[in-house]
Amino acid sequence: MSLTIQQVEHIARLARLELTDEQKEHYRGQLSTILDHIAKLQELDTRDIPPTVSGSLSEMPLRTDEPRPGLSIDVLLANAPETADDQFKVPPVFE
Amino acid sequence: MTVTPMPSLSSLTLTQMKAGLERGEFSSRDLVQAALDAIARLDPSLHAFLQVDGDRALAEAAKADQLPIANYQLHGIPIAVKDVLTVEGMPCTAGSKILEGFIPPYTATSVKKLQEAGAIVIGKTNTDEFAMGSSTENSAYGRTMNPWELSRVPGGSSGGSAAAVVARLVPAALGTDTGGSVRQPASFCGITGLKTTYGRVSRYGLIAFGSSLDTVGVLAQNAEDAALIFSVMAGHDPLDATSADSSVPSIDLTRRPERSGAKSKGDLQGLRVGVPKEYFIEGMQAEVQEKTRQAIEQMKSLGAEIIEVSLPHTEYALPVYYILAPAEASANLARFDGVRYGPRSEADSMWDVFFKTRGEKFGEEATRRIMIGTYALSAGYYDAYYGQAQKARTLIARDFDAAFSNVDVIAAPTTPTTAFVAGAHADDPLAMYLEDVFTLPANLAGIPGISFPVGFDSQGLPIGMQLLGPRFREDVILRAAHAYQQVTDWHICTPKL
């Protein structure tokens with residue numbers, strides 16, 4: 001199958017990726033080739049087969065819900081590009 | 001294929017280091033200094049490391065030398081860690097520009113357990129960006145060279161760890177295996193690589209790629225050393241909800257297989273080895289087939305029973321993997337947005353910060369996989385792609401279940417070819433994906449595997465074979481690999497550097 005440039009733009013928008021026109025064309029070709037290969041799966045009859053939704057077969061144990069010491073605000077903010085008043089700072093969300 | 005004539009301290013195995021420390025032949029400081037010297041001499045041409053913290057390692061060694069040795073399994077031994085696992089205070093990039101400058105505030109549980117047993121982390125090794133790749137060429141910080149031939153790739157994504165071990169910079173290094181990223185580089189570099197059972201080793205502190213597939217493993221000179229690291233880092237961790245609540249057996253490598261009688265003729269007497277015909281196919285390098293078959297014959301001469309098995313859905317593993325892994329990656333990598341960590345590309349609105357930061361800082365392979373995954377999960381395509389892949393995954397896991405009802409381990413080539421030349425797949429991502437065709441199925445089934453060297457091709461490049469075992473039976477594959485390594489010396493061959 002061959003993706004259109006509009007489809008590539010739609011995917012990039014969903015994934016929050018800014019692409020140049022050249023990149024869009026580049027990925028359009030490559031993704032189409034990969035999707036062609038993946039399409040092989042459609043030939044498999046899986047009507048009565050349950051999906052594997054996790055890597056674990058066994059039940060995953062939950063830990064007890066008890067408070068425990070965490071990292072301090074200073075430590076958690078140390079890697080952020082911009083902070084203010086003990087919070088992550090971002091440019092305006094709304095105009 | 002030469003054995004280092006004058007072994008320096010850094011070329012000792014982990015077990016030899018442990019024994020030498022116990023006998024007082026050398027100190028932890030000596031070992032750490034030898035590793036740092038080897039890195040200073042060789043890493044400029046190999047680029048196995050992204051970070052080396054010599055001062056910190058020497059300080060830890062000085063402290064270790066003051067403590068009693070007997071209490072610690074890995075007392076004072078230098079190791080390296082793939083740069084997708086966090087070590088508090090040591091920069092962690094995952095091979096990506098989007099995490100440049102990130103300094104983790106906590107240590108991964110797998111690393112922490114090794115540190116608590118006395119191991120000293122000497123540095124972080126190179127990886128394909130977010131562990132996505134089979135050559136370590138996708139690192140944003142430059143590729144790692146294969147120590148056997150610098151123009152070739154070391155495999156990936158744990159290529160830095162594999163190169164560091166075969167070049168004898170460190171005795172062992174942690175890696176991660178989502179689709180073959182421990183076994184394939186172990187194979188390309190001629191060392192031993194253990195992929196653990198899904199859930200066996202905590203992933204707390206591992207930068208997530210494909211959450212239903214990611215496992216932490218180890219690259220070492222031999223199965224004995226891999227077993228030691230494994231037994232220390234395995235086990236339940238309350239901080240990782242997917243870590244299994246099963247006990248970790250202490251691994252006795254000299255124990256015979258369960259079915260062996262009292263009068264066993266060889267170390268593998270009673271072990272049933274399955275050979276899947278789907279892993280010996282047209283188009284693969286003939287020498288890889290040949291050396292793998294010879295290794296299987298050798299296991300037979302040690303008493304193993306060889307049984308042909310079939311894993312009929314093997315051909316679907318690649319399409320299943322390249323839906324599930326990118327889908328999970330597209331969700332996991334959503335957190336990298338220039339807000340909480342990593343660099344930010346400035347823009348006027350928050351949305352534009354997301355678009356610009358991600359567009360500029362993710363490399364090509366990460367971008368490609370995010371897009372495949374986003375597409376596979378998008379409205380209208382979910383059932384056809386993701387849903388169908390999850391069902392096909394069940395069929396692949398059932399293949400293994402059926403095989404393991406008749407055999408104890410499965411033996412197969414780790415890769416279709418030996419190490420390829422850097423740049424060979426630069427414009428063909430699908431060709432790169434096909435390099436993983438023999439390693440992906442184990443991740444889909446969640447089972448453990450070990451790759452170890454079984455010979456060389458005509459160009460002097462190492463060939464690896466993998467043994468796959470049932471879930472939580474790392475002990476069986478480690479013992480079998482160890483038995484093989486007792487009668488062969490492929491694993492002690494090192495490149496001339």
# chains A, B, ... in the order shown; residues from 1 in each chain; ligands from 1
>>> interface_residues(of="chain A", to="chain B", cutoff="8 Å", atoms="only C-alpha atoms", output="PyMOL selection string")
chain A and resi 11-12+14-19+27+30-31+33-34+37-42+44+46+49-56+58+60-63+71+75-77+79-82+88-95
>>> select_by_dssp(residues="range 8-93 of chain A", states="alpha helix (DSSP H)", output="MDAnalysis selection string")
chainID A and resid 8:14 21:38 73:77
>>> select_by_dssp(residues="chain A", states="strand (DSSP E)", output="list in words")
Thr83, Ala84, Gln87 and Phe88 of chain A
>>> residues_around(residues="Pro147 in chain B", least_positions_apart="3", cutoff="7 Å", atoms="only C-alpha atoms", output="list in words")
Leu46, Leu150, Ala163, Ala167 and Pro495 of chain B
>>> write_last_selection(atoms="C-alpha atoms", output="tab-separated table (two decimals), in the first residue's frame")
chain	number	residue	atom	x	y	z
B	46	LEU	CA	35.79	1.81	19.35
B	150	LEU	CA	36.26	-1.51	12.78
B	163	ALA	CA	32.08	-4.06	22.11
B	167	ALA	CA	37.53	-5.62	23.76
B	495	PRO	CA	40.20	-9.48	18.49
>>> residues_around(residues="Val8 in chain A", least_positions_apart="4", cutoff="7 Å", atoms="only C-alpha atoms", output="list in words")
Leu3, Thr4, Ala12, Lys24 and Arg28 of chain A
>>> write_last_selection(atoms="C-alpha atoms", output="PDB file, in the first residue's frame")
ATOM      1  CA  LEU A   3       0.532   6.302   1.900  1.00  0.00           C
ATOM      2  CA  THR A   4      -0.390   9.758   0.667  1.00  0.00           C
ATOM      3  CA  ALA A  12       2.908  13.447  12.128  1.00  0.00           C
ATOM      4  CA  LYS A  24       7.432  13.892   4.649  1.00  0.00           C
ATOM      5  CA  ARG A  28       6.052   8.390   2.952  1.00  0.00           C
TER       6      ARG A  28
END
>>> closest_residue(among="A:Asp36, A:Glu25, A:Gln87, A:Gly70", to="Glu9 in chain A", atoms="only C-alpha atoms")
A:Glu25
>>> closest_residue(among="B:Pro68, B:Ala403, B:Pro416, B:Thr93", to="Ala286 in chain B", atoms="only C-alpha atoms")
B:Pro416
>>> atom_distance(atom1="CA of Leu497 in chain B", atom2="CA of Asp43 in chain B")
10.6 Å
>>> residues_around(residues="Ser231 in chain B", least_positions_apart="4", cutoff="7 Å", atoms="only C-alpha atoms", output="ChimeraX atom specification")
/B:227,248,250
>>> atom_distance(atom1="CA of Ala411 in chain B", atom2="CA of Val81 in chain B")
28.0 Å
>>> atom_distance(atom1="CA of Glu66 in chain A", atom2="CA of Phe209 in chain B")
28.5 Å
>>> residues_around(residues="range 116-131 of chain B", least_positions_apart="4", cutoff="7 Å", atoms="only C-alpha atoms", output="ChimeraX atom specification")
/B:48-54,57,60,72-84,94-96,112,136-140,144,156-161,209,366
>>> write_last_selection(atoms="N, CA and C atoms", output="short mmCIF file (atom, residue, chain, number, x, y, z; two decimals), in the first residue's frame")
data_model
loop_
_atom_site.label_atom_id
_atom_site.label_comp_id
_atom_site.auth_asym_id
_atom_site.auth_seq_id
_atom_site.Cartn_x
_atom_site.Cartn_y
_atom_site.Cartn_z
N ALA B 48 32.74 2.66 22.39
CA ALA B 48 31.77 1.82 23.09
C ALA B 48 31.08 2.60 24.20
N PHE B 49 31.74 3.62 24.73
CA PHE B 49 31.21 4.36 25.88
C PHE B 49 30.69 5.74 25.48
N LEU B 50 29.58 6.13 26.12
CA LEU B 50 29.09 7.51 25.99
C LEU B 50 29.54 8.35 27.18
N GLN B 51 29.77 7.67 28.31
CA GLN B 51 30.16 8.34 29.55
C GLN B 51 31.11 7.43 30.30
N VAL B 52 32.20 7.97 30.80
CA VAL B 52 33.04 7.22 31.73
C VAL B 52 33.27 8.14 32.91
N ASP B 53 32.98 7.64 34.11
CA ASP B 53 33.20 8.46 35.29
C ASP B 53 34.30 7.81 36.14
N GLY B 54 35.54 8.07 35.75
CA GLY B 54 36.70 7.45 36.39
C GLY B 54 36.86 7.85 37.85
N ALA B 57 34.33 6.07 39.98
CA ALA B 57 34.62 4.63 40.06
C ALA B 57 35.83 4.38 40.97
N GLU B 60 34.78 4.78 44.55
CA GLU B 60 34.03 3.61 45.02
C GLU B 60 34.95 2.42 45.25
N TYR B 72 30.03 -9.84 49.81
CA TYR B 72 29.48 -9.29 48.57
C TYR B 72 29.81 -10.17 47.37
N GLN B 73 28.78 -10.44 46.57
CA GLN B 73 28.92 -11.31 45.39
C GLN B 73 29.79 -10.69 44.29
N LEU B 74 29.73 -9.37 44.16
CA LEU B 74 30.44 -8.71 43.06
C LEU B 74 31.38 -7.64 43.60
N HIS B 75 31.92 -7.92 44.76
CA HIS B 75 32.71 -6.92 45.49
C HIS B 75 33.81 -6.27 44.64
N GLY B 76 33.69 -4.97 44.45
CA GLY B 76 34.78 -4.21 43.82
C GLY B 76 35.03 -4.47 42.36
N ILE B 77 34.06 -5.05 41.67
CA ILE B 77 34.26 -5.41 40.25
C ILE B 77 33.66 -4.34 39.33
N PRO B 78 34.45 -3.82 38.39
CA PRO B 78 33.93 -2.79 37.48
C PRO B 78 33.00 -3.37 36.42
N ILE B 79 31.90 -2.70 36.17
CA ILE B 79 30.98 -3.10 35.11
C ILE B 79 30.55 -1.85 34.34
N ALA B 80 29.91 -2.07 33.19
CA ALA B 80 29.36 -0.96 32.41
C ALA B 80 27.86 -1.16 32.26
N VAL B 81 27.16 -0.06 32.01
CA VAL B 81 25.70 -0.11 31.92
C VAL B 81 25.25 0.58 30.64
N LYS B 82 24.39 -0.08 29.90
CA LYS B 82 23.83 0.51 28.67
C LYS B 82 23.10 1.81 29.01
N ASP B 83 23.25 2.78 28.14
CA ASP B 83 22.75 4.12 28.45
C ASP B 83 21.23 4.29 28.32
N VAL B 84 20.49 3.21 28.53
CA VAL B 84 19.03 3.34 28.66
C VAL B 84 18.60 3.02 30.09
N ALA B 94 20.01 7.72 26.49
CA ALA B 94 19.33 6.73 25.64
C ALA B 94 19.77 6.87 24.18
N GLY B 95 20.97 7.43 23.97
CA GLY B 95 21.47 7.59 22.61
C GLY B 95 20.73 8.65 21.81
N SER B 96 19.99 9.52 22.52
CA SER B 96 19.13 10.49 21.84
C SER B 96 19.48 11.93 22.20
N LYS B 112 21.07 -1.06 40.73
CA LYS B 112 21.17 -0.90 42.17
C LYS B 112 21.50 -2.23 42.86
N THR B 136 23.76 -0.11 16.37
CA THR B 136 24.27 1.02 17.16
C THR B 136 24.61 2.21 16.26
N GLU B 137 24.23 2.14 14.98
CA GLU B 137 24.42 3.30 14.09
C GLU B 137 23.38 4.38 14.35
N ASN B 138 22.27 4.00 15.00
CA ASN B 138 21.22 4.99 15.25
C ASN B 138 21.48 5.84 16.49
N SER B 139 22.63 5.69 17.12
CA SER B 139 22.96 6.57 18.24
C SER B 139 23.17 7.99 17.72
N ALA B 140 22.61 8.96 18.44
CA ALA B 140 22.79 10.36 18.04
C ALA B 140 24.22 10.83 18.33
N THR B 144 29.23 2.84 17.23
CA THR B 144 30.28 2.04 17.87
C THR B 144 30.87 1.11 16.80
N GLY B 156 23.32 -4.38 17.60
CA GLY B 156 22.63 -3.41 18.45
C GLY B 156 21.33 -3.99 18.95
N SER B 157 20.70 -3.31 19.80
CA SER B 157 21.07 -1.97 20.19
C SER B 157 22.12 -1.90 21.30
N SER B 158 22.40 -3.02 22.00
CA SER B 158 23.39 -2.98 23.08
C SER B 158 24.81 -3.12 22.52
N GLY B 159 25.10 -2.42 21.42
CA GLY B 159 26.39 -2.58 20.74
C GLY B 159 27.56 -2.06 21.54
N GLY B 160 27.34 -0.98 22.31
CA GLY B 160 28.42 -0.45 23.14
C GLY B 160 28.82 -1.45 24.21
N SER B 161 27.83 -2.07 24.84
CA SER B 161 28.10 -3.07 25.89
C SER B 161 28.85 -4.27 25.31
N PHE B 209 10.79 1.35 25.99
CA PHE B 209 10.67 1.35 24.52
C PHE B 209 9.39 0.57 24.19
N ALA B 366 13.85 6.66 15.46
CA ALA B 366 12.82 6.91 16.48
C ALA B 366 11.61 7.56 15.82
#
>>> closest_residue(among="B:Ala431, B:Ala481, B:Ala234, B:Val288", to="Leu114 in chain B", atoms="only C-alpha atoms")
B:Ala234
